[in-house]
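A.B. asks: I'd like to ask you about the structure that follows.
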Amino acid sequence: MDGERAHGHDTDALIKPDMPAVLERTNLSINVQGFLLPVFEALSNSMDGIEQRFDDQASREGKILVRFENLNDPDKVMISVTDNGVGLNDENYRSFQTPFSGYKLSKRGRGFGRFIAFKVFSRIHYSSRFETTTTATTKTFRFDISQDEEIIFHDGEPDFPGCGMRVELDEPLRHWFDLIGCLSKQDVKEQIGSHFLPYFLYRGLPEILLQFDDEEPENITSYFKAVFVEHAAGQIDTPIDSATCTLNYTLTKIPKTRQFKSHCLLFAAADRIVGHPRDLSNKLGATHFVDEDDSKFIIVAVVRGDAFETRLNDSRTSLDLPPKAVEEIVGAVCDKIQDREKQQIEKIKTGQVRKLNVALHENPILRLGLKGQSLSEYVAKKPNHWGPEEFVQDLALSRYRNTGDLLKQITEAANDPASYAEKIKDLASRIDAGKKEALAEYVMHRKSIIELLDAARKFDDSKKRGSEDEVHSLIFRRFSDNVDVEYFQHNLWLIDDALAFLPYVSSDRTMHGRGREKGDKVTDLLFYDDTMVLGDEDGTTLTIVEFKKPSRDDYSFGPAKFDPVTQVIDTLEKAISAGGITRTDGAHMSFGRVARRSAFIIADLTPSLIRVLKRHNFQNPHDPKIWTQYFDNGEIFIQAFGYDTLVSMAKKRNQAFSKVLLDD
């Protein structure tokens with residue numbers, strides 16, 4: 001520009017030796033919020049200047065114009081922020097020249113905001129008119145910390161009337177070009193509104209006009225004041241770094257929009273939103289609520305407090321808060337929202353009860369996990385976002401734990417049939433009529449499945465036995481896993497009730513999830529139990545099940561093709577080596593540290609199989625029909641038994657309920 005002159009390094013010169021290095025270490029996300037951050041800083045400074053000039057009349061007398069020219073053209077885009085504040089007088093100019101100035105600290109700023117603009121733009125220009133004791137004075141200059149002379153003054157007058165200041169930002173850095181090319185006016189409008197939400201909620205704002213090129217300016221102050229209306233407010237006490245801090249919260253109810261798609265929590269410090277929104281959908285159980293007019297609305301919570309001001313980073317983009325503290329704040333705010341929106345939460349809980357009731361109708365034995373509670377009582381204690389799958393898994397685990405107590409009682413009375421029946425009758429007497437009916441229905445289903453399995457191992461009319469595949473599919477569908485196969489779509493309880501509720505089951509599938517390749521070991525059933533799910537912390541469990549054709553009698557020691565023990569150990573080694581398995585939905589499950597390894601070989605105990613088992617040092621001291629061995633080198637416990645034993649054990653497990661409930 002004509003008339004440029006450098007500002008020399010006198011006592012008021014910028015203190016900037018380390019500022020480029022500080023900026024280099026400052027991360028700015030390449031998104032709309034990051035791009036507009038220099039505009040937010042200019043707006044914040046304009047508000048400060050207006051408050052200095054008009055004091056308590058700032059919201060009435062103050063005016064700010066934010067103008068975007070050539071918004072979608074990175075080569076020509078120009079953004080300016082013009083205000084009618086006090087301007088860049090001597091005091092403000094000295095503060096401007098000093099990073100991290102005491103003046104900015106007193107205003108709860110950091111004095112770093114004007115430098116953040118260099119993360120986005122390469123040209124930044126200031127012009128200001130301000131009153132002195134005798135006359136109006138102007139300052140017009142370009143600001144560039146990458147130059148030896150950071151401030152280059154111009155002789156021209158500011159291009160606006162009266163006192164105030166204008167900041168012009170243009171020549172964006174190359175890596176912002178793609179984002180600028182697709183930026184919309186609505187993006188800009190909503191970002192300004194969300195960033196300065198605290199002002200709209202609990203502070204006065206001057207008139208802020210937003211203009212694009214030569215279009216008519218829009219008063220966004222009026223717009224957002226109508227949108228962001230305080231719904232509720234109060235205080236919460238929460239621990240932060242071992243100290244209990246009092247925080248203020250404000251709840252506002254707004255229509256669902258593209259910017260605000262779901263319930264969220266925003267942190268405020270230095271009178272602006274900092275950091276990323278925390279989605280409250282999971283805690284509240286829905287992304288939005290629906291009012292009496294079927295209009296969708298969301299709750300936006302803003303939390304602020306003195307504890308946040310001291311934890312604000314220099315660029316004022318985030319807070320240094322421990323994750324545990326954030327979790328506590330989110331929980332406390334959600335409790336306030338739920339108290340306020342009891343009718344909405346009741347809708348969610350009613351829907352959960354309805355869906356769970358459908359799931360339990362298909363798998364009634366899981367009602368045992370309710371421990372005598374009604375569905376409403378049980379659901380009331382669980383997270384709002386849970387669906388049928390989460391409830392089924394929780395009830396399955398609860399039932400699994402309860403099974404231990406039940407089995408203990410049964411074991412104590414095992415030698416006394418009368419006492420055994422009495423125990424089961426006592427259990428049944430505690431089940432109300434509806435639950436007893438559902439349980440009886442499920443016992444009948446199990447009885448039918450046992451009969452099918454029993455038939456599959458015998459000769460049919462043509463003197464043929466069922467194949468290994470038929471038995472396998474009856475227990476669990478082949479070439480699948482429990483991503484698609486629900487709890488009530490398999491019959492794993494035929495092998496062991498505990499297996500029916502483990503977190504992951506894979507059937508006839510490779511570790512990598514694709515078709516079988518050379519060298520792949522494909523096990524009939526592989527169970528993965530992450531014991532953290534069960535409240536344990538000592539590693540995971542892998543369980544392998546191998547089925548063999550009923551009556552097969554060509555086994556031999558050694559080769560995996562003819563030796564099921566070798567096959568199991570080889571498969572285990574491949575699974576451990578793979579370190580995980582790819583599910584049918586494409587997700588990968590890592591096995592981690594496998595602490596327990598077990599296997600079942602289900603095959604008729606023909607002479608050749610018994611010879612193989614003996615060569616592997618299997619023993620059957622407790623039951624002649626069940627052979628067991630623990631292999632130190634592979635750290636795996638293997639049980640081998642025949643289809644007759646499988647059917648017999650399944651019948652025994654079902655017999656007690658059949659006798660009491662079905663009089664069988």
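Residue names in the structure tokens use chain letters A, B, ... in the order shown, residue numbers from 1 in each chain, and ligand numbers from 1 in the order shown.
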For the helix (DSSP H, G or I) assignment from backbone DSSP, which residues of region 64-173 of chain A qualify? Please present them as number ranges by chain.

C.D. replies: A: 90-97, 102-106, 113-119

A.B. asks: What's the 9 Å shell around Arg477 (chain A), counting only C-alpha atoms, without same-chain residues fewer than 4 positions away, as JSON, numbers by chain?

C.D. replies: {"A": [472, 473, 481, 485, 489, 490, 507, 508]}

A.B. asks: Can you write out the residues you just picked, keeping C-alpha atoms, as a PDB file, in the first residue's frame?

C.D. replies:
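Written output follows (result26.pdb):
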ATOM      1  CA  HIS A 472     -23.117 -79.232  14.283  1.00  0.00           C
ATOM      2  CA  SER A 473     -25.874 -77.147  12.667  1.00  0.00           C
ATOM      3  CA  ASP A 481     -20.845 -66.261  14.492  1.00  0.00           C
ATOM      4  CA  VAL A 485     -26.949 -65.590  15.512  1.00  0.00           C
ATOM      5  CA  GLN A 489     -31.211 -69.012  17.739  1.00  0.00           C
ATOM      6  CA  HIS A 490     -28.688 -71.616  18.879  1.00  0.00           C
ATOM      7  CA  SER A 507     -18.525 -71.500  13.899  1.00  0.00           C
ATOM      8  CA  ASP A 508     -16.552 -73.074  11.006  1.00  0.00           C
TER       9      ASP A 508
END

A.B. asks: Can you list, as an MDAnalysis selection string, every protein, DNA or RNA residue that comes within 9 Å of Gln235 (chain A) when you count only C-alpha atoms, leaving out same-chain residues fewer than 3 positions away?

C.D. replies: chainID A and resid 246:250

A.B. asks: Within 7 Å of region 581-592 of chain A, counting only C-alpha atoms, which residues show up once you throw out same-chain ones fewer than 6 positions away? Write them as a VMD selection string, please.

C.D. replies: chain A and resid 481 483 511 to 513

A.B. asks: Looking at only C-alpha atoms, which of A:Lys651, A:Lys119, A:Arg593, A:Arg129 is the one that sits closest to Ser146 (chain A)?

C.D. replies: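 Answer, going by the shortest atom-to-atom distance: A:Lys119.
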
A.B. asks: Let me make sure I understand: among A:Ala301, A:Arg552, A:Ala232, A:Ile610, which one has the smallest atom-to-atom distance to Cys264 (chain A) if we use only C-alpha atoms?

C.D. replies: A:Ala301

A.B. asks: Excluding Tyr126 (chain A) and its own-chain neighbours fewer than 5 positions away, which residues fall within 6 Å of it when counting only C-alpha atoms? Please give them as a ChimeraX atom specification.

C.D. replies: /A:140-141,166-167

A.B. asks: What would the file look like if the residues just selected were written as a PDB file, in the first residue's frame with N, CA and C atoms?

C.D. replies:
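Result file part_27.pdb:
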ATOM      1  N   THR A 140      -3.247   2.733  11.361  1.00  0.00           N
ATOM      2  CA  THR A 140      -3.524   1.779  10.293  1.00  0.00           C
ATOM      3  C   THR A 140      -2.230   1.049   9.979  1.00  0.00           C
ATOM      4  N   PHE A 141      -2.239  -0.274  10.112  1.00  0.00           N
ATOM      5  CA  PHE A 141      -0.976  -0.997   9.927  1.00  0.00           C
ATOM      6  C   PHE A 141      -1.228  -2.460   9.581  1.00  0.00           C
ATOM      7  N   ARG A 166     -11.097  -2.047  12.925  1.00  0.00           N
ATOM      8  CA  ARG A 166     -11.397  -3.068  11.927  1.00  0.00           C
ATOM      9  C   ARG A 166     -10.189  -3.988  11.797  1.00  0.00           C
ATOM     10  N   VAL A 167     -10.469  -5.289  11.784  1.00  0.00           N
ATOM     11  CA  VAL A 167      -9.444  -6.300  11.525  1.00  0.00           C
ATOM     12  C   VAL A 167      -9.792  -6.969  10.204  1.00  0.00           C
TER      13      VAL A 167
END

A.B. asks: Restricting the calculation to only C-alpha atoms, which member of A:Thr238, A:Ser44, A:Ser122, A:Asn357 is positioned closest to Val333 (chain A)?

C.D. replies: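 Residue with the minimum atom-to-atom distance to Val333 (chain A): A:Thr238.
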
A.B. asks: Grab the CA of Asp294 (chain A) to CA of Gly351 (chain A) distance for me, in Å with one decimal place.

C.D. replies: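 Separation of CA of Asp294 (chain A) and CA of Gly351 (chain A): 16.8 Å.
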